[in-house]
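Listing of start12.cif, mmCIF, C-alpha atoms
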```cif
data_query
loop_
_atom_site.label_atom_id
_atom_site.label_comp_id
_atom_site.auth_asym_id
_atom_site.auth_seq_id
_atom_site.Cartn_x
_atom_site.Cartn_y
_atom_site.Cartn_z
CA MET P 494 13.76 45.29 -26.63
CA ASN P 495 12.67 43.40 -29.70
CA GLN P 496 9.50 41.37 -30.06
CA LYS P 497 11.22 38.05 -29.48
CA THR P 498 12.80 38.89 -26.12
CA LYS P 499 9.54 40.47 -25.09
CA ALA P 500 7.73 37.20 -25.81
CA ILE P 501 10.35 35.19 -23.92
CA SER P 502 10.27 37.45 -20.87
CA LEU P 503 6.49 37.29 -20.91
CA THR P 504 6.69 33.49 -20.93
CA CYS P 505 9.06 33.61 -17.95
CA ALA P 506 6.76 35.97 -16.09
CA VAL P 507 3.76 33.71 -16.59
CA MET P 508 5.73 30.64 -15.51
CA MET P 509 6.91 32.48 -12.39
CA ALA P 510 3.37 33.57 -11.61
CA ALA P 511 2.12 30.02 -12.01
CA PHE P 512 4.94 28.80 -9.75
CA MET P 513 4.24 31.37 -7.04
CA TRP P 514 0.53 30.67 -7.22
CA ASN P 515 1.18 26.99 -6.80
CA THR P 516 3.63 27.29 -3.89
CA GLN P 517 1.36 29.80 -2.19
CA SER P 518 -1.70 27.59 -2.41
CA HIS P 519 0.47 24.73 -1.16
CA ALA P 520 1.75 26.78 1.79
CA ALA P 521 -1.82 27.69 2.63
CA GLU P 522 -2.64 23.99 2.67
CA VAL P 523 0.27 23.14 4.98
CA GLY P 524 -0.20 25.72 7.67
CA GLU P 525 -3.48 27.52 7.52
CA LYS P 526 -3.20 29.12 10.94
CA GLU P 527 0.47 30.19 10.92
CA SER P 528 1.35 33.81 10.28
CA PRO P 529 2.83 34.45 6.85
CA LEU P 530 5.81 36.07 8.59
CA MET P 531 6.85 32.81 10.20
CA LEU P 532 6.40 30.91 6.96
CA ALA P 533 8.66 33.37 5.21
CA GLU P 534 11.45 33.32 7.79
CA VAL P 535 11.51 29.84 9.28
CA SER P 536 12.30 26.69 7.39
CA SER P 537 9.14 24.87 6.40
CA VAL P 538 10.24 21.79 8.38
CA ASN P 539 9.02 23.71 11.44
CA THR P 540 5.44 24.15 10.32
CA PHE P 541 3.04 23.06 13.04
CA ASN P 542 1.86 19.85 11.38
CA VAL P 543 4.51 18.11 9.35
CA ASN P 544 2.92 14.69 8.99
CA LEU P 545 -0.73 15.18 9.91
CA LYS P 546 -2.98 15.00 6.89
CA LYS P 547 -6.52 16.16 7.42
CA PRO P 548 -9.14 15.03 4.96
CA LYS P 549 -10.63 18.23 3.63
CA SER P 550 -13.93 16.84 2.44
CA ARG P 551 -15.60 13.49 2.23
CA ASN P 552 -17.98 11.55 0.00
CA LEU P 553 -17.19 13.74 -3.01
CA PRO P 554 -19.08 13.15 -6.28
CA PRO P 555 -17.07 11.06 -8.79
CA ALA P 556 -16.20 14.03 -11.01
CA GLU P 557 -14.40 15.78 -8.12
CA ASP P 558 -12.77 12.83 -6.34
CA GLY P 559 -9.45 12.92 -8.18
CA ILE P 560 -9.49 9.34 -9.50
CA HIS P 561 -12.36 9.73 -12.00
CA ASP P 562 -11.65 11.72 -15.15
CA PRO P 563 -14.09 14.66 -15.35
CA GLU P 564 -13.39 14.86 -19.09
CA ASN P 565 -15.02 11.46 -19.52
CA GLU P 566 -18.70 12.22 -20.10
CA ALA P 567 -19.92 9.01 -18.45
CA THR P 568 -18.21 10.10 -15.20
CA HIS P 569 -21.08 12.55 -14.79
CA SER P 570 -23.62 9.71 -15.07
CA LEU P 571 -22.11 7.89 -12.09
CA GLN P 572 -23.92 8.06 -8.78
CA HIS P 573 -23.03 10.57 -6.05
CA PRO P 574 -22.22 8.57 -2.88
CA LEU P 575 -24.25 10.95 -0.72
CA ASP P 576 -27.38 10.24 -2.77
CA ALA P 577 -26.89 6.53 -2.11
CA TYR P 578 -26.19 7.02 1.62
CA LYS P 579 -29.32 9.08 2.36
CA GLY P 580 -31.15 7.40 5.25
CA LEU P 581 -28.36 4.91 6.00
CA PRO P 582 -26.99 4.86 9.58
CA PRO P 583 -23.87 7.08 9.69
CA SER P 584 -20.43 6.30 11.11
CA ASP P 585 -17.26 8.32 11.66
CA PHE P 586 -14.88 6.54 9.31
CA GLY P 587 -14.49 4.64 6.03
CA ASN P 588 -17.48 5.41 3.82
CA TYR P 589 -19.03 7.18 6.85
CA VAL P 590 -21.80 4.55 6.74
CA ASP P 591 -22.36 1.90 9.43
CA TRP P 592 -22.77 -1.06 7.10
CA VAL P 593 -23.51 -3.55 9.92
CA LYS P 594 -26.40 -1.44 11.22
CA ALA P 595 -27.63 -0.79 7.68
CA ILE P 596 -28.22 -4.54 7.23
CA ASP P 597 -29.47 -5.12 10.81
CA GLU P 598 -32.05 -2.36 10.46
CA GLY P 599 -33.09 -3.58 7.03
CA LYS P 600 -32.06 -0.31 5.35
CA ILE P 601 -30.22 -2.24 2.63
CA ARG P 602 -30.80 -5.80 1.40
CA PRO P 603 -27.73 -6.77 -0.58
CA ARG P 604 -28.19 -9.99 -2.52
CA TRP P 605 -26.61 -13.18 -1.22
CA ASP P 606 -26.86 -14.68 -4.70
CA ARG P 607 -25.95 -12.97 -7.95
CA ALA P 608 -29.34 -13.59 -9.55
CA ASP P 609 -31.76 -14.79 -6.84
CA PRO P 610 -32.96 -11.88 -4.67
CA ASN P 611 -34.59 -14.25 -2.15
CA SER P 612 -31.55 -16.33 -1.21
CA GLU P 613 -30.63 -15.86 2.48
CA PRO P 614 -27.22 -16.07 4.16
CA PHE P 615 -26.33 -18.76 6.70
CA VAL P 616 -25.58 -16.57 9.72
CA MET P 617 -23.61 -18.09 12.60
CA ASP P 618 -23.61 -16.32 15.97
CA LEU P 619 -20.32 -17.33 17.60
CA ASP P 620 -18.00 -14.86 19.35
CA ILE P 621 -14.31 -15.67 19.69
CA VAL P 622 -12.54 -13.81 22.50
CA ARG P 623 -8.82 -13.24 22.02
CA PRO P 624 -7.02 -12.07 25.16
CA VAL P 625 -4.50 -9.30 24.43
CA LYS P 626 -1.26 -8.94 26.41
CA ALA P 627 -1.30 -5.16 26.09
CA SER P 628 -3.48 -2.75 28.08
CA VAL P 629 -6.07 -2.35 25.33
CA PRO P 630 -9.36 -4.27 25.78
CA ASP P 631 -9.42 -7.89 24.60
CA VAL P 632 -10.49 -8.62 21.05
CA VAL P 633 -13.91 -10.11 20.34
CA PHE P 634 -14.26 -11.56 16.86
CA PRO P 635 -17.99 -11.82 16.06
CA HIS P 636 -18.95 -14.47 13.49
CA ARG P 637 -22.47 -13.02 13.19
CA GLN P 638 -21.58 -9.75 11.42
CA HIS P 639 -19.06 -11.56 9.22
CA THR P 640 -21.33 -14.38 8.06
CA GLU P 641 -23.91 -11.73 7.06
CA TRP P 642 -21.50 -10.74 4.29
CA LEU P 643 -19.09 -13.61 3.77
CA LEU P 644 -18.88 -17.36 3.28
CA CYS P 645 -16.93 -19.53 5.75
CA SER P 646 -14.54 -20.32 2.88
CA ASN P 647 -13.59 -16.63 2.52
CA CYS P 648 -11.67 -17.05 5.81
CA HIS P 649 -11.39 -20.79 6.57
CA PRO P 650 -8.87 -22.30 6.20
CA ALA P 651 -6.77 -19.97 3.99
CA VAL P 652 -6.77 -16.91 6.29
CA PHE P 653 -7.65 -18.47 9.68
CA VAL P 654 -7.51 -22.08 10.91
CA PRO P 655 -11.01 -22.62 12.39
CA GLN P 656 -9.85 -23.19 15.94
CA ARG P 657 -9.84 -20.70 18.80
CA LEU P 658 -6.37 -19.17 19.44
CA ALA P 659 -4.74 -21.41 16.80
CA ASN P 660 -3.85 -18.35 14.72
CA GLN P 661 -1.11 -15.85 15.49
CA ILE P 662 -2.52 -12.37 14.99
CA SER P 663 -0.77 -9.09 15.79
CA MET P 664 -1.38 -5.44 15.08
CA SER P 665 1.65 -5.27 12.81
CA ALA P 666 0.27 -8.09 10.65
CA ILE P 667 -3.10 -6.30 10.53
CA LEU P 668 -1.51 -2.99 9.54
CA LEU P 669 0.43 -4.77 6.81
CA GLY P 670 -2.84 -6.03 5.35
CA GLN P 671 -2.75 -9.60 6.65
CA LYS P 672 -5.21 -11.53 8.90
CA CYS P 673 -8.02 -9.15 9.94
CA GLY P 674 -6.21 -6.50 7.84
CA LEU P 675 -7.02 -8.42 4.67
CA CYS P 676 -10.42 -6.67 4.76
CA HIS P 677 -10.21 -4.12 7.58
CA GLY P 678 -8.39 -1.06 6.35
CA LYS P 679 -9.46 -1.79 2.77
CA VAL P 680 -13.21 -2.39 2.40
CA SER P 681 -14.50 -3.17 5.90
CA PHE P 682 -14.03 -0.43 8.50
CA PRO P 683 -10.49 1.03 8.56
CA VAL P 684 -7.89 0.66 11.32
CA GLU P 685 -7.57 4.03 13.06
CA THR P 686 -8.08 5.61 16.48
CA LYS P 687 -11.85 5.79 16.07
CA THR P 688 -12.13 2.05 15.31
CA CYS P 689 -9.73 0.45 17.85
CA ARG P 690 -12.65 -0.30 20.19
CA LYS P 691 -14.75 -2.00 17.57
CA CYS P 692 -12.34 -4.95 17.70
CA HIS P 693 -10.92 -4.29 21.18
CA SER P 694 -14.35 -4.42 22.81
CA LYS P 695 -14.07 -6.63 25.92
CA PRO P 696 -12.84 -4.55 28.88
CA LYS P 697 -10.05 -5.93 31.05
CA PRO P 698 -10.87 -6.81 34.70
CA ALA P 699 -10.71 -3.73 36.96
CA ASP P 700 -7.55 -4.92 38.73
CA TRP P 701 -5.65 -5.70 35.51
CA GLU P 702 -2.16 -4.17 35.22
CA PRO P 703 0.10 -4.42 32.18
CA PRO P 704 2.97 -6.91 32.78
CA LEU P 705 6.28 -5.16 33.58
CA SER P 706 9.04 -5.55 31.05
CA GLU P 707 12.10 -7.56 32.03
CA ALA P 708 14.33 -4.49 31.79
CA THR P 709 12.24 -2.85 34.51
CA LEU P 710 12.19 -5.95 36.74
CA LYS P 711 16.00 -6.24 36.52
CA ASN P 712 16.66 -2.51 36.82
CA PRO P 713 19.42 -2.15 39.51
CA TRP P 714 18.57 1.55 40.13
CA LYS P 715 14.92 0.80 40.85
CA MET N 1365 8.83 39.00 -35.92
CA SER N 1366 5.99 37.50 -37.90
CA SER N 1367 2.60 36.96 -36.34
CA LYS N 1368 3.00 33.24 -37.06
CA ILE N 1369 5.97 32.97 -34.68
CA LYS N 1370 4.11 35.03 -32.13
CA ARG N 1371 1.22 32.62 -32.27
CA ASN N 1372 3.61 29.69 -31.86
CA VAL N 1373 5.25 31.27 -28.85
CA LEU N 1374 1.85 31.91 -27.30
CA LYS N 1375 0.79 28.34 -28.01
CA SER N 1376 3.86 26.77 -26.40
CA MET N 1377 3.51 29.15 -23.47
CA ILE N 1378 -0.05 28.01 -22.80
CA ILE N 1379 0.89 24.36 -23.21
CA GLY N 1380 3.83 24.83 -20.83
CA VAL N 1381 1.71 26.44 -18.14
CA LEU N 1382 -1.05 23.85 -18.50
CA ALA N 1383 1.44 20.96 -18.33
CA TYR N 1384 3.05 22.50 -15.25
CA MET N 1385 -0.24 23.00 -13.43
CA GLY N 1386 -1.41 19.56 -14.49
CA ALA N 1387 1.68 17.83 -13.14
CA LEU N 1388 1.45 19.54 -9.75
CA GLY N 1389 -2.29 19.82 -9.41
CA VAL N 1390 -3.80 16.43 -10.14
CA PRO N 1391 -2.13 13.79 -7.98
CA GLN N 1392 -2.47 15.64 -4.65
CA THR N 1393 -6.20 15.99 -4.90
CA ALA N 1394 -7.41 12.37 -4.90
CA GLN N 1395 -10.14 12.09 -2.26
CA ALA N 1396 -12.10 9.21 -3.67
CA GLU N 1397 -14.59 7.10 -1.77
CA TYR N 1398 -13.16 4.55 0.69
CA ALA N 1399 -12.54 1.20 -1.06
CA ASP N 1400 -12.72 2.47 -4.65
CA VAL N 1401 -10.38 0.33 -6.80
CA VAL N 1402 -8.52 1.66 -9.84
CA ILE N 1403 -7.59 -1.25 -12.14
CA ASN N 1404 -4.93 -0.51 -14.71
CA ASN N 1405 -2.91 -3.60 -15.58
CA TYR N 1406 -3.58 -3.19 -19.30
CA ALA N 1407 -6.07 -0.39 -19.96
CA ASP N 1408 -3.59 2.48 -20.36
CA ALA N 1409 -1.37 0.46 -22.66
CA ALA N 1410 -4.39 -0.17 -24.89
CA GLY N 1411 -5.33 3.51 -24.94
CA MET N 1412 -8.33 3.16 -22.60
CA ARG N 1413 -8.83 5.06 -19.35
CA PRO N 1414 -8.22 2.83 -16.28
CA ALA N 1415 -11.31 1.01 -14.94
CA VAL N 1416 -12.73 2.20 -11.61
CA PHE N 1417 -14.62 -0.26 -9.43
CA PRO N 1418 -16.73 1.27 -6.61
CA HIS N 1419 -17.12 -1.14 -3.65
CA TRP N 1420 -19.61 1.16 -1.89
CA PHE N 1421 -22.02 1.06 -4.83
CA HIS N 1422 -21.86 -2.71 -5.26
CA ARG N 1423 -22.06 -3.64 -1.56
CA ILE N 1424 -25.44 -1.93 -1.31
CA ARG N 1425 -26.61 -4.48 -3.91
CA PHE N 1426 -24.51 -7.59 -3.21
CA ARG N 1427 -22.79 -9.26 -0.25
CA CYS N 1428 -19.02 -9.71 -0.55
CA LYS N 1429 -19.59 -13.46 -0.96
CA VAL N 1430 -21.21 -13.08 -4.39
CA CYS N 1431 -18.03 -11.68 -5.95
CA HIS N 1432 -15.33 -13.01 -3.65
CA ALA N 1433 -16.60 -16.61 -3.40
CA ASP N 1434 -19.11 -17.35 -6.19
CA LEU N 1435 -17.47 -15.30 -8.96
CA GLY N 1436 -13.91 -16.00 -7.84
CA PHE N 1437 -12.55 -12.44 -7.44
CA ALA N 1438 -9.37 -12.85 -5.34
CA PHE N 1439 -8.84 -10.28 -2.55
CA LYS N 1440 -6.12 -8.43 -4.47
CA ALA N 1441 -6.39 -5.21 -6.46
CA GLY N 1442 -5.16 -5.98 -9.97
CA GLY N 1443 -4.63 -9.61 -8.94
CA ASN N 1444 -7.42 -11.07 -11.06
CA LYS N 1445 -5.87 -10.08 -14.40
CA ILE N 1446 -9.28 -9.01 -15.71
CA THR N 1447 -9.44 -8.58 -19.52
CA MET N 1448 -12.26 -7.79 -21.93
CA ALA N 1449 -12.01 -11.32 -23.37
CA LYS N 1450 -12.88 -12.73 -19.94
CA ILE N 1451 -15.62 -10.14 -19.40
CA ILE N 1452 -17.46 -10.96 -22.62
CA ASP N 1453 -17.18 -14.67 -21.71
CA GLY N 1454 -19.26 -13.87 -18.62
CA LYS N 1455 -16.42 -13.89 -16.13
CA PHE N 1456 -15.61 -11.22 -13.48
CA CYS N 1457 -17.51 -7.97 -14.22
CA GLY N 1458 -19.10 -9.82 -17.15
CA ALA N 1459 -21.07 -12.11 -14.82
CA CYS N 1460 -23.37 -9.15 -14.17
CA HIS N 1461 -22.60 -6.47 -16.75
CA ASN N 1462 -24.31 -8.54 -19.43
CA GLY N 1463 -27.61 -6.74 -20.00
CA GLU N 1464 -29.44 -9.07 -17.59
CA ILE N 1465 -28.34 -8.31 -14.04
CA SER N 1466 -26.84 -4.94 -14.91
CA TRP N 1467 -26.25 -2.76 -17.96
CA SER N 1468 -24.08 -4.40 -20.52
CA VAL N 1469 -20.55 -4.14 -21.70
CA GLU N 1470 -20.89 -1.66 -24.58
CA ASN N 1471 -21.05 1.15 -21.98
CA CYS N 1472 -17.27 1.28 -22.03
CA ALA N 1473 -16.91 4.70 -20.43
CA MET N 1474 -18.99 3.81 -17.34
CA CYS N 1475 -16.18 1.48 -16.19
CA HIS N 1476 -13.25 3.09 -18.02
CA SER N 1477 -13.65 6.39 -16.20
CA GLY N 1478 -10.30 6.79 -14.40
CA VAL N 1479 -7.78 9.60 -14.81
CA PRO N 1480 -5.26 8.22 -17.33
CA GLY N 1481 -1.86 7.16 -16.04
CA GLN N 1482 -2.92 6.13 -12.52
CA PRO N 1483 -1.41 2.88 -11.30
CA THR N 1484 -3.64 0.06 -10.03
CA HIS N 1485 -4.52 1.00 -6.46
CA PHE N 1486 -6.98 0.67 -3.65
CA HIS N 1487 -8.25 4.01 -2.45
CA GLY N 1488 -8.14 4.96 1.23
CA SER N 1489 -6.42 1.81 2.45
CA THR N 1490 -4.92 2.05 5.93
CA VAL N 1491 -1.61 0.67 4.65
CA GLN N 1492 -1.28 3.49 2.12
CA ARG N 1493 -2.14 6.14 4.69
CA LEU N 1494 0.56 5.13 7.19
CA ILE N 1495 3.27 7.75 7.50
CA ALA N 1496 5.97 5.11 8.03
CA PRO N 1497 5.67 1.36 7.38
CA ALA N 1498 4.01 -0.69 10.16
CA TYR N 1499 6.39 -1.62 12.95
CA LYS N 1500 7.92 -5.10 13.14
CA PRO N 1501 7.53 -6.58 16.65
CA LEU N 1502 10.75 -7.52 18.46
CA GLN N 1503 11.66 -11.18 18.38
CA VAL N 1504 11.62 -11.65 22.16
CA LYS N 1505 13.98 -14.41 23.23
CA ASP N 1506 12.28 -17.20 25.15
CA THR N 1507 14.20 -17.19 28.46
CA THR N 1508 12.16 -20.00 30.01
CA LYS N 1509 14.07 -22.64 28.05
#
```
Could the structure of this file be written out as structure tokens, please?
Amino acid sequence: MNQKTKAISLTCAVMMAAFMWNTQSHAAEVGEKESPLMLAEVSSVNTFNVNLKKPKSRNLPPAEDGIHDPENEATHSLQHPLDAYKGLPPSDFGNYVDWVKAIDEGKIRPRWDRADPNSEPFVMDLDIVRPVKASVPDVVFPHRQHTEWLLCSNCHPAVFVPQRLANQISMSAILLGQKCGLCHGKVSFPVETKTCRKCHSKPKPADWEPPLSEATLKNPWK
Amino acid sequence: MSSKIKRNVLKSMIIGVLAYMGALGVPQTAQAEYADVVINNYADAAGMRPAVFPHWFHRIRFRCKVCHADLGFAFKAGGNKITMAKIIDGKFCGACHNGEISWSVENCAMCHSGVPGQPTHFHGSTVQRLIAPAYKPLQVKDTTK
């Protein structure tokens, strides 16, 4: 074997090693609990969780969060979210901070005006109840928490006509980023199992039953 | 074989391995703070790292209204077509990053801190985390008419 082929086969070996290392660490990510035997023999489409993605850690410092470049020196001068969140009321989602409570309890005092720290918001306490056809609790839209952060013109009239029940809102629109989903699921709290009841907060009457679908009512084999 | 060729082979080997690990390693690991915005309409093309805007940091200091009503930021990542010309005229980020309300614009790398090559995106948005696109409700026929 001459020097050249030796060098080439060494290159191949290193590439293979890198490849194996990468697939192995990936397999470990996909199914941490499965036995290696099963992973080797059964197609990976049968791993326990195919679509579930678990966040591995949260509130990482900028240099480790994957969107900031650690090779940029200034990245290391940026604040660590956890330093900023010390003492703020926690939550289970989003930034893992309850921003509404943080303002209510006076833990933060974000400015209402760019330059004037003493300017105060015009807070309006008006709840709008939106009955929901489905079995989930009815939606209560609270103006109070919104007008703490926003101006009427952020929503009226471009996003919502200011009249109760004049707007068509559905979960699919929200999940597509429209209506409430313009902010919720982006900056305000996200839309996920742990937050359904923040919006769906007015329980249905005890004797409420979901309406039967027409296919059931007309079912000849009933 | 001369030692020069050997060194070249070694060099290309290292570059190859690094490029390979880079391509597979970086994009899967993004776990940035909820509501961080990467803005990259123009930065990459001009040889700057993309700008990263942290909502969490700013909302501790300002209500949404300051930026999204008073300063005219539209609710759309990348939708404001921010440029340095506008910033030094006191618009967008420049309304505050002017040496008066906040540190000023010569601190390029504080804003231009993103991993190069990332598209404009909103981090952690529910829409992006859906496995399949949101369902479209059935158009139920109105049988009462």
Select residues of chain P: the criterion is any atom within 8 Å of an atom of chain N, counting only C-alpha atoms; output as a compact mmCIF listing (two decimals) with C-alpha atoms, keeping the file's coordinate frame.
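Saved file result_13.txt follows:
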```txt
# COMPACT_ATOMS: atom_id res chain seq x y z
CA GLN P 496 9.50 41.37 -30.06
CA LYS P 497 11.22 38.05 -29.48
CA ALA P 500 7.73 37.20 -25.81
CA THR P 504 6.69 33.49 -20.93
CA VAL P 507 3.76 33.71 -16.59
CA MET P 508 5.73 30.64 -15.51
CA ALA P 511 2.12 30.02 -12.01
CA ASN P 515 1.18 26.99 -6.80
CA ASN P 544 2.92 14.69 8.99
CA PRO P 548 -9.14 15.03 4.96
CA SER P 550 -13.93 16.84 2.44
CA ARG P 551 -15.60 13.49 2.23
CA ASN P 552 -17.98 11.55 0.00
CA LEU P 553 -17.19 13.74 -3.01
CA PRO P 555 -17.07 11.06 -8.79
CA ASP P 558 -12.77 12.83 -6.34
CA GLY P 559 -9.45 12.92 -8.18
CA ILE P 560 -9.49 9.34 -9.50
CA HIS P 561 -12.36 9.73 -12.00
CA ASP P 562 -11.65 11.72 -15.15
CA ASN P 565 -15.02 11.46 -19.52
CA GLU P 566 -18.70 12.22 -20.10
CA ALA P 567 -19.92 9.01 -18.45
CA THR P 568 -18.21 10.10 -15.20
CA SER P 570 -23.62 9.71 -15.07
CA LEU P 571 -22.11 7.89 -12.09
CA PRO P 574 -22.22 8.57 -2.88
CA ALA P 577 -26.89 6.53 -2.11
CA GLY P 587 -14.49 4.64 6.03
CA ASN P 588 -17.48 5.41 3.82
CA ILE P 601 -30.22 -2.24 2.63
CA ARG P 602 -30.80 -5.80 1.40
CA PRO P 603 -27.73 -6.77 -0.58
CA ARG P 604 -28.19 -9.99 -2.52
CA TRP P 605 -26.61 -13.18 -1.22
CA ASP P 606 -26.86 -14.68 -4.70
CA ARG P 607 -25.95 -12.97 -7.95
CA ALA P 608 -29.34 -13.59 -9.55
CA GLU P 641 -23.91 -11.73 7.06
CA TRP P 642 -21.50 -10.74 4.29
CA LEU P 643 -19.09 -13.61 3.77
CA LEU P 644 -18.88 -17.36 3.28
CA SER P 646 -14.54 -20.32 2.88
CA ASN P 647 -13.59 -16.63 2.52
CA SER P 665 1.65 -5.27 12.81
CA LEU P 668 -1.51 -2.99 9.54
CA LEU P 669 0.43 -4.77 6.81
CA GLY P 670 -2.84 -6.03 5.35
CA LEU P 675 -7.02 -8.42 4.67
CA GLY P 678 -8.39 -1.06 6.35
CA LYS P 679 -9.46 -1.79 2.77
CA VAL P 680 -13.21 -2.39 2.40
CA PRO P 683 -10.49 1.03 8.56
CA VAL P 684 -7.89 0.66 11.32
CA GLU P 685 -7.57 4.03 13.06
```
Enclosing box along x, y and z for every listed atom of stretch 594-597 of chain P, padded 5 Å each side, centre and size in Å, one decimal, as AutoDock Vina command-line options:
```
--center_x -27.9 --center_y -3.0 --center_z 9.2 --size_x 13.1 --size_y 14.3 --size_z 14.0
```
For the structure shown, which residues end up in the PyMOL selection byres ((chain N and resi 1447) around 12)? Put them as a list in words, please?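 Here the PyMOL selection byres ((chain N and resi 1447) around 12) matches Ile1403, Asn1404, Asn1405, Tyr1406, Ala1407, Ala1410, Pro1414, Ala1415, Gly1442, Gly1443, Asn1444, Lys1445, Ile1446, Met1448, Ala1449, Lys1450, Ile1451, Ile1452, Asp1453, Gly1454, Lys1455, Phe1456, Cys1457 and Gly1458 of chain N.
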Give me the residues near P:Asp576 as a list in words, where near means some atom within 10 Å (using only C-alpha atoms) and where sequence neighbours in that chain fewer than 4 positions away do not count.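 Listed by chain and then number, they are Asn552, Pro554, Gln572 and Gly580 of chain P.
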Residue subset to file, keeping C-alpha atoms, as a compact mmCIF listing (two decimals), keeping the file's coordinate frame:
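Contents of the output file again-v3.txt:
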```txt
# COMPACT_ATOMS: atom_id res chain seq x y z
CA ASN P 552 -17.98 11.55 0.00
CA PRO P 554 -19.08 13.15 -6.28
CA GLN P 572 -23.92 8.06 -8.78
CA GLY P 580 -31.15 7.40 5.25
```
Take the PyMOL selection byres ((chain P and resi 629) around 12), apply it to the structure above, and return the hits as a count of residues only. 23
Can you list what the PyMOL selection byres ((chain P and resi 660) around 12) grabs from this structure, as a PyMOL selection string? chain P and resi 621+623+648-659+661-663+666+671-673
Kindly give the distance, in Å, that separates atom CA of P:Lys546 and atom CA of P:Gly674, rounded to a single decimal.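 Atom CA of P:Lys546 sits 21.8 Å away from atom CA of P:Gly674.
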Could you work out how far atom CA of P:His639 lies from atom CA of P:Val616, giving the answer in Å with one decimal? 8.2 Å
So what do you get for atom CA of P:Leu581 versus atom CA of P:Gly599, distance-wise?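 A separation of 9.8 Å between them.
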